[in-house]
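J.: File entry_35.txt below, compact mmCIF, C-alpha atoms:
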# COMPACT_ATOMS: atom_id res chain seq x y z
CA MET K 1 104.17 124.42 91.33
CA THR K 2 101.76 123.19 88.69
CA GLN K 3 99.63 120.12 88.14
CA ASP K 4 100.91 119.73 84.56
CA LEU K 5 104.58 118.95 85.08
CA THR K 6 106.68 117.62 82.24
CA TRP K 7 109.39 115.07 82.99
CA SER K 8 112.14 117.69 82.75
CA GLU K 9 110.23 120.12 84.96
CA ALA K 10 109.66 117.36 87.50
CA LEU K 11 113.40 117.17 88.09
CA THR K 12 113.52 120.70 89.50
CA GLY K 13 112.04 119.68 92.84
CA THR K 14 111.95 121.85 95.93
CA SER K 15 112.10 121.03 99.63
CA PHE K 16 109.09 119.06 100.79
CA ASP K 17 106.90 120.36 103.61
CA TYR K 18 103.31 121.34 104.30
CA ALA K 19 104.04 124.71 105.90
CA GLU K 20 101.88 126.48 103.31
CA ALA K 21 99.15 123.82 103.20
CA PRO K 22 95.52 125.02 103.44
CA VAL K 23 95.02 122.90 106.60
CA PRO K 24 97.35 121.88 109.44
CA VAL K 25 99.23 118.64 108.77
CA ARG K 26 100.65 116.49 111.58
CA ALA K 27 104.42 116.66 111.87
CA ASP K 28 104.86 112.87 111.68
CA LEU K 29 102.69 112.69 108.57
CA ALA K 30 104.63 115.46 106.84
CA ALA K 31 107.91 113.77 107.78
CA GLY K 32 106.70 110.42 106.42
CA HIS K 33 105.73 111.99 103.12
CA ALA K 34 109.07 113.78 102.90
CA ARG K 35 110.93 110.49 103.42
CA ALA K 36 108.75 108.76 100.83
CA TRP K 37 109.35 111.53 98.31
CA ASP K 38 113.08 111.45 98.92
CA ARG K 39 113.05 107.66 98.51
CA LEU K 40 111.62 108.01 95.00
CA ALA K 41 114.79 109.80 93.86
CA ASN K 42 117.22 107.24 95.26
CA ALA K 43 118.37 104.10 93.50
CA GLY K 44 116.17 101.25 94.64
CA THR K 45 116.69 97.52 94.59
CA TRP K 46 116.25 97.03 90.84
CA TRP K 47 115.60 100.49 89.34
CA THR K 48 117.96 103.49 89.34
CA GLY K 49 116.85 106.79 90.84
CA GLU K 50 116.26 108.20 87.37
CA GLN K 51 114.12 105.21 86.40
CA ARG K 52 112.11 105.42 89.63
CA LEU K 53 111.36 109.10 89.02
CA ALA K 54 110.40 108.34 85.42
CA ILE K 55 107.96 105.72 86.72
CA ALA K 56 106.48 108.21 89.21
CA ALA K 57 106.15 110.86 86.49
CA GLU K 58 104.44 108.36 84.17
CA ALA K 59 102.03 107.38 86.96
CA ARG K 60 101.01 111.02 87.29
CA HIS K 61 100.60 111.30 83.54
CA ALA K 62 98.46 108.14 83.27
CA VAL K 63 95.31 109.93 84.48
CA LYS K 64 95.37 111.95 81.22
CA CYS K 65 95.70 108.89 78.97
CA ARG K 66 92.93 108.53 76.36
CA LEU K 67 93.34 104.74 76.14
CA CYS K 68 93.04 104.37 79.92
CA ARG K 69 89.85 106.46 79.95
CA GLU K 70 88.32 104.34 77.20
CA ARG K 71 89.23 101.14 79.00
CA LEU K 72 87.70 102.39 82.24
CA THR K 73 84.33 102.80 80.56
CA ALA K 74 84.49 99.40 78.86
CA LEU K 75 82.93 96.27 80.35
CA SER K 76 86.39 94.70 80.07
CA PRO K 77 89.64 96.67 79.61
CA TYR K 78 90.96 93.80 77.49
CA THR K 79 88.48 94.55 74.69
CA VAL K 80 89.99 97.99 74.03
CA GLU K 81 93.25 98.14 72.08
CA GLY K 82 95.52 101.07 71.32
CA GLU K 83 98.60 102.91 72.51
CA HIS K 84 98.98 104.75 75.78
CA ASP K 85 99.54 108.49 75.82
CA SER K 86 102.89 108.52 77.60
CA LEU K 87 105.71 110.89 78.44
CA GLY K 88 108.09 108.78 76.34
CA GLY K 89 111.36 107.19 77.34
CA LEU K 90 109.94 104.04 78.94
CA ALA K 91 109.36 100.72 77.19
CA ALA K 92 105.76 99.99 76.16
CA PRO K 93 105.29 97.02 78.58
CA LEU K 94 106.43 99.19 81.49
CA VAL K 95 104.09 101.99 80.43
CA GLU K 96 101.23 99.48 80.29
CA LEU K 97 102.11 98.28 83.78
CA ILE K 98 102.29 101.79 85.23
CA HIS K 99 99.07 102.98 83.59
CA ARG K 100 97.05 99.94 84.64
CA LEU K 101 98.35 100.14 88.21
CA ARG K 102 97.42 103.81 88.33
CA THR K 103 94.07 103.83 86.59
CA ASP K 104 92.47 100.37 86.78
CA PRO K 105 94.19 98.10 89.33
CA GLY K 106 90.97 96.35 90.33
CA ARG K 107 90.73 94.48 87.02
CA LEU K 108 94.23 93.08 86.65
CA THR K 109 94.28 89.38 85.80
CA ARG K 110 96.79 86.58 85.92
CA ARG K 111 96.79 86.41 82.13
CA TRP K 112 97.61 90.14 81.95
CA TYR K 113 100.39 89.73 84.52
CA ASP K 114 101.87 86.78 82.61
CA GLY K 115 101.85 88.95 79.49
CA ILE K 116 103.77 91.71 81.27
CA ILE K 117 106.39 89.22 82.44
CA ALA K 118 106.62 87.63 78.98
CA ALA K 119 107.21 91.10 77.53
CA GLY K 120 110.41 91.42 79.55
CA ILE K 121 109.43 92.90 82.92
CA ARG K 122 110.98 90.71 85.62
CA PRO K 123 108.89 90.05 88.75
CA GLU K 124 111.43 91.99 90.84
CA HIS K 125 111.03 95.05 88.60
CA TYR K 126 107.26 94.57 88.63
CA VAL K 127 107.12 94.69 92.43
CA GLU K 128 109.40 97.71 92.71
CA THR K 129 107.25 99.49 90.11
CA VAL K 130 104.22 98.79 92.29
CA GLY K 131 106.07 100.35 95.25
CA VAL K 132 106.96 103.49 93.30
CA VAL K 133 103.45 103.92 91.88
CA VAL K 134 101.62 103.46 95.18
CA THR K 135 104.01 105.86 96.91
CA SER K 136 103.50 108.61 94.35
CA VAL K 137 99.73 108.07 94.22
CA ALA K 138 99.38 108.14 98.03
CA VAL K 139 101.23 111.45 98.39
CA ASP K 140 99.52 113.02 95.37
CA THR K 141 96.08 111.92 96.58
CA PHE K 142 96.74 113.39 100.01
CA ALA K 143 97.72 116.71 98.45
CA ARG K 144 94.57 116.74 96.34
CA GLY K 145 92.49 115.87 99.40
CA ILE K 146 93.69 118.94 101.30
CA ALA K 147 93.47 121.19 98.21
CA ALA K 148 97.24 121.57 97.94
CA PRO K 149 99.15 121.44 94.63
CA PRO K 150 101.13 118.27 93.92
CA TRP K 151 104.78 118.37 94.82
CA PRO K 152 107.36 118.47 92.03
CA LEU K 153 109.34 115.27 91.88
CA PRO K 154 112.76 115.60 93.53
CA PRO K 155 116.08 115.72 91.68
CA VAL K 156 117.70 112.39 90.83
CA LYS K 157 120.21 111.13 93.39
CA PRO K 158 123.29 109.12 92.41
CA GLY K 159 123.62 105.46 93.24
CA HIS K 160 123.18 101.95 91.92
CA PRO K 161 120.43 99.41 92.58
CA THR K 162 121.34 96.95 95.32
CA GLN K 163 119.86 93.94 93.49
CA LEU K 164 119.31 92.18 96.82
CA ARG K 165 116.77 89.40 96.36
CA PRO K 166 115.36 87.52 99.36
CA ALA K 167 114.58 83.81 99.32
CA ALA K 168 111.13 84.44 97.87
CA THR K 169 109.10 81.60 96.40
CA GLN K 170 105.99 81.29 94.27
CA GLY K 171 102.89 81.07 96.41
CA THR K 172 99.27 82.04 95.87
CA ALA K 173 100.07 85.52 94.55
CA TYR K 174 101.01 86.41 90.98
CA VAL K 175 104.50 87.43 92.11
CA PRO K 176 106.86 85.43 94.33
CA TRP K 177 106.86 86.50 97.96
CA LEU K 178 108.84 85.87 101.12
CA GLU K 179 107.34 83.50 103.66
CA PRO K 180 108.18 84.46 107.27
CA GLU K 181 110.03 81.19 107.91
CA ALA K 182 112.28 81.88 104.90
CA ALA K 183 113.28 85.37 106.06
CA GLY K 184 116.98 85.73 106.76
CA PRO K 185 118.78 88.22 109.03
CA ALA K 186 118.42 90.95 106.41
CA GLU K 187 114.61 90.58 106.49
CA ALA K 188 114.18 90.06 110.24
CA ASP K 189 112.39 93.40 110.60
CA LEU K 190 110.06 92.94 107.64
CA TYR K 191 106.99 91.51 109.36
CA PRO K 192 105.24 92.58 112.60
CA PRO K 193 106.36 90.39 115.52
CA GLY K 194 103.96 88.14 117.35
CA ARG K 195 101.47 87.42 114.59
CA ALA K 196 101.27 85.97 111.12
CA PRO K 197 101.82 88.63 108.46
CA SER K 198 98.87 89.45 106.25
CA HIS K 199 98.99 89.32 102.48
CA ILE K 200 99.34 93.11 102.53
CA TYR K 201 102.76 92.76 104.17
CA LYS K 202 103.79 89.87 101.96
CA ALA K 203 102.61 91.38 98.67
CA MET K 204 105.79 93.39 97.98
CA SER K 205 108.18 91.23 100.00
CA LEU K 206 110.09 90.23 96.86
CA VAL K 207 111.55 93.74 97.24
CA PRO K 208 111.86 94.22 101.02
CA ALA K 209 112.89 97.88 100.75
CA GLU K 210 109.49 98.70 99.26
CA VAL K 211 107.69 96.99 102.14
CA ARG K 212 109.72 98.93 104.70
CA GLY K 213 109.25 102.27 102.98
CA PHE K 214 105.55 101.79 102.28
CA PHE K 215 104.68 100.86 105.86
CA ALA K 216 107.07 103.18 107.70
CA ASP K 217 106.40 106.29 105.62
CA LEU K 218 102.80 105.83 104.50
CA VAL K 219 100.78 103.18 106.37
CA ASN K 220 102.06 104.06 109.85
CA THR K 221 101.39 107.78 109.34
CA GLN K 222 98.36 107.89 107.06
CA TYR K 223 96.66 104.97 108.83
CA LEU K 224 98.05 103.43 112.04
CA PRO K 225 101.13 101.45 113.12
CA ALA K 226 100.54 97.71 113.47
CA ALA K 227 100.37 97.75 117.28
CA ALA K 228 97.94 100.67 117.35
CA MET K 229 95.55 99.00 114.90
CA ARG K 230 94.55 96.47 117.56
CA ASP K 231 94.82 98.70 120.61
CA PHE K 232 91.15 99.51 121.04
CA GLU K 233 91.63 100.92 124.54
CA ARG K 234 93.17 104.08 123.11
CA GLU K 235 92.57 106.37 120.17
CA PHE K 236 95.60 107.63 118.27
CA ARG K 237 94.03 109.95 115.72
CA ALA K 238 91.50 112.78 115.64
CA ILE K 239 88.90 110.19 114.62
CA SER K 240 88.22 106.82 116.23
CA HIS K 241 89.21 103.31 115.15
CA ALA K 242 85.64 102.73 113.96
CA GLN K 243 85.61 105.92 111.89
CA ILE K 244 89.00 105.05 110.37
CA GLU K 245 87.79 101.58 109.39
CA PHE K 246 84.55 102.97 107.97
CA LEU K 247 86.51 105.30 105.70
CA ALA K 248 88.95 102.51 104.76
CA ALA K 249 86.10 100.16 103.86
CA ARG K 250 84.38 102.81 101.75
CA VAL K 251 87.55 103.69 99.85
CA SER K 252 88.30 99.99 99.31
CA ALA K 253 84.81 99.46 97.90
CA LEU K 254 85.14 102.43 95.55
CA ASN K 255 88.51 101.12 94.39
CA ARG K 256 87.11 97.59 93.95
CA CYS K 257 89.62 96.15 96.38
CA GLU K 258 88.83 92.49 97.06
CA TYR K 259 91.04 92.15 100.14
Go ahead and express the file in the form of structure tokens.

T.:
Amino acid sequence: MTQDLTWSEALTGTSFDYAEAPVPVRADLAAGHARAWDRLANAGTWWTGEQRLAIAAEARHAVKCRLCRERLTALSPYTVEGEHDSLGGLAAPLVELIHRLRTDPGRLTRRWYDGIIAAGIRPEHYVETVGVVVTSVAVDTFARGIAAPPWPLPPVKPGHPTQLRPAATQGTAYVPWLEPEAAGPAEADLYPPGRAPSHIYKAMSLVPAEVRGFFADLVNTQYLPAAAMRDFEREFRAISHAQIEFLAARVSALNRCEY
């Protein structure tokens, strides 16, 4: 395995496990990552498996982009023009979306989003792209954190996008989202029961499959399941609730997360 995978090399994936990792990795965490990695290769709601893997590969490549590096050092990324260094094969608006999500998500604006949509990226495709990028970044960042090499992307799996769109409406977010009262039988499991869903849950609800995968495979294993987050009588990890939240707050601050 190598950190400099081309798109063609990324399609030669191997089985996913942490058996050879430098540190022990919990079984549920390894299983969640394996499911997330497998999900990248399957047809999604709006993108095919091949397109999803191309998006993930481009997200990896974005950290090497000269334009993205120049924009990061600028007072405003919108003052720096140019072309992205890309792997090729994806339309320029999609490359712009992937690279900004990967390298500078804290400075996205409504005007920028409107430009992406005007360039031909539908909101449904936008949200699924977000799901693919955050999945690949989460797993890659974990690997880097434990000094393990990044996993090759898995082989493409056959299938067609489901194109299932919930009754989402335009609210306070850039993209439409699904209000709990509008959820139908197909979305009954989307939000935690017994409490109002946060914006984090609603953010990708235009594509429910991305919400399910993100929370089941990544949030529940890398962080805590919804019920455990508020169960302060017990500790579920090697570190305490307070230590988890301290780390989360610090990472959010470094990433300029306004939530």

J.: Mind checking which residues fall within 9 Å of Phe215 (chain K), counting all atoms listed in the file, ignoring those fewer than 6 positions away in the same chain, and posting them as a list of chain:residue names?

T.: K:Tyr201, K:Thr221, K:Pro225

J.: May I have the residues at most 10 Å from (91.0, 106.0, 76.1) in the file's coordinates, counting only C-alpha atoms, as JSON, numbers by chain?

T.: {"K": [64, 65, 66, 67, 68, 69, 70, 71, 72, 73, 74, 80, 81, 82, 83, 84, 85]}

J.: May I ask for the distance between CA of Ile98 (chain K) and CA of Ala59 (chain K), given in Å to one decimal place?

T.: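 Taking CA of Ile98 (chain K) and CA of Ala59 (chain K), their separation equals 5.9 Å.
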
J.: Tell me, in Å to one decimal, how far CA of Lys157 (chain K) is from CA of Ser136 (chain K).

T.: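 Here the two named atoms are 16.9 Å from each other.
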
J.: What is the CA of Glu128 (chain K) to CA of Ser205 (chain K) distance in Å?

T.: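 A separation of 9.8 Å between them.
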
J.: Counting all atoms listed in the file, which of K:Gly120, K:Gly106, K:Pro24, K:Gly131 gets nearest to Pro93 (chain K)?

T.: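 The shortest atom-to-atom distance to Pro93 (chain K) comes from K:Gly120.
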
J.: So which residues touch region 159-168 of chain K within 8 Å, counting only C-alpha atoms, skipping near sequence neighbours fewer than 4 positions away, as a list in words?

T.: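 Once the adjacent positions are removed, what remains is Asn42, Ala43, Gly44, Thr45, Trp46, Trp47, Thr48, Gly49, Pro176, Trp177, Leu178, Glu179, Ala182, Ala183, Gly184, Glu187, Ser205, Leu206, Val207 and Pro208 of chain K.
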
J.: Skip Ala30 (chain K) itself and residues of its chain fewer than 3 positions away, then list as a list in words all residues within 10 Å of it, counting only C-alpha atoms.

T.: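 So the residues in contact are Phe16, Asp17, Tyr18, Ala19, Val25, Arg26, Ala27, His33, Ala34, Arg35, Ala36, Val139, Asp217, Thr221 and Gln222 of chain K.
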
J.: Since we have the selection now, will you write its residues out, keeping C-alpha atoms, as a short mmCIF file (atom, residue, chain, number, x, y, z; two decimals), in the frame of the given file?

T.:
data_model
loop_
_atom_site.label_atom_id
_atom_site.label_comp_id
_atom_site.auth_asym_id
_atom_site.auth_seq_id
_atom_site.Cartn_x
_atom_site.Cartn_y
_atom_site.Cartn_z
CA PHE K 16 109.09 119.06 100.79
CA ASP K 17 106.90 120.36 103.61
CA TYR K 18 103.31 121.34 104.30
CA ALA K 19 104.04 124.71 105.90
CA VAL K 25 99.23 118.64 108.77
CA ARG K 26 100.65 116.49 111.58
CA ALA K 27 104.42 116.66 111.87
CA HIS K 33 105.73 111.99 103.12
CA ALA K 34 109.07 113.78 102.90
CA ARG K 35 110.93 110.49 103.42
CA ALA K 36 108.75 108.76 100.83
CA VAL K 139 101.23 111.45 98.39
CA ASP K 217 106.40 106.29 105.62
CA THR K 221 101.39 107.78 109.34
CA GLN K 222 98.36 107.89 107.06
#

J.: Check the smallest atom-to-atom distance from each of K:Leu108, K:Ile121, K:Val175, K:Ala138 to Cys257 (chain K) using only C-alpha atoms, then report the winner.

T.: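 Checking each of K:Leu108, K:Ile121, K:Val175, K:Ala138 against Cys257 (chain K), counting only C-alpha atoms, the winner is K:Leu108.
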
J.: Give me the residues near Ile117 (chain K) as an mmCIF file with C-alpha atoms, keeping the file's coordinate frame, where near means some atom within 12 Å (using only C-alpha atoms) and where sequence neighbours in that chain fewer than 4 positions away do not count.

T.:
data_model
loop_
_atom_site.group_PDB
_atom_site.id
_atom_site.type_symbol
_atom_site.label_atom_id
_atom_site.label_comp_id
_atom_site.auth_asym_id
_atom_site.auth_seq_id
_atom_site.Cartn_x
_atom_site.Cartn_y
_atom_site.Cartn_z
ATOM 1 C CA PRO K 93 105.290 97.020 78.580
ATOM 2 C CA LEU K 94 106.430 99.190 81.490
ATOM 3 C CA GLU K 96 101.230 99.480 80.290
ATOM 4 C CA LEU K 97 102.110 98.280 83.780
ATOM 5 C CA ARG K 110 96.790 86.580 85.920
ATOM 6 C CA ARG K 111 96.790 86.410 82.130
ATOM 7 C CA TRP K 112 97.610 90.140 81.950
ATOM 8 C CA TYR K 113 100.390 89.730 84.520
ATOM 9 C CA ILE K 121 109.430 92.900 82.920
ATOM 10 C CA ARG K 122 110.980 90.710 85.620
ATOM 11 C CA PRO K 123 108.890 90.050 88.750
ATOM 12 C CA GLU K 124 111.430 91.990 90.840
ATOM 13 C CA HIS K 125 111.030 95.050 88.600
ATOM 14 C CA TYR K 126 107.260 94.570 88.630
ATOM 15 C CA VAL K 127 107.120 94.690 92.430
ATOM 16 C CA TYR K 174 101.010 86.410 90.980
ATOM 17 C CA VAL K 175 104.500 87.430 92.110
#

J.: Let me make sure I understand: among K:Tyr78, K:Tyr191, K:Trp37, K:Phe232, which one has the smallest atom-to-atom distance to Thr135 (chain K) if we use all atoms listed in the file?

T.: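 Result for the nearest residue to Thr135 (chain K): K:Trp37.
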
J.: Between K:Asp28, K:Glu245, K:Thr109, K:Ala21, which one has atoms that come closest to Asn220 (chain K), using all atoms listed in the file?

T.: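 Comparing K:Asp28, K:Glu245, K:Thr109, K:Ala21 against Asn220 (chain K), the winner is K:Asp28.
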
J.: Nearest residue to Ala188 (chain K) out of K:Arg60, K:Arg212, K:Ile244, K:Gln170, using only C-alpha atoms?

T.: K:Arg212

J.: Of the residues K:Leu75, K:Leu53, K:Ile146, K:Val156, which is the one nearest to Val132 (chain K), using all atoms listed in the file?

T.: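 Using all atoms listed in the file, the shortest distance to Val132 (chain K) belongs to K:Leu53.
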
J.: Val95 (chain K): which residues within 10 Å, counting all atoms listed in the file, same-chain residues fewer than 3 positions away excluded, as a PyMOL selection string?

T.: chain K and resi 55+58-59+62+83-92+98-101
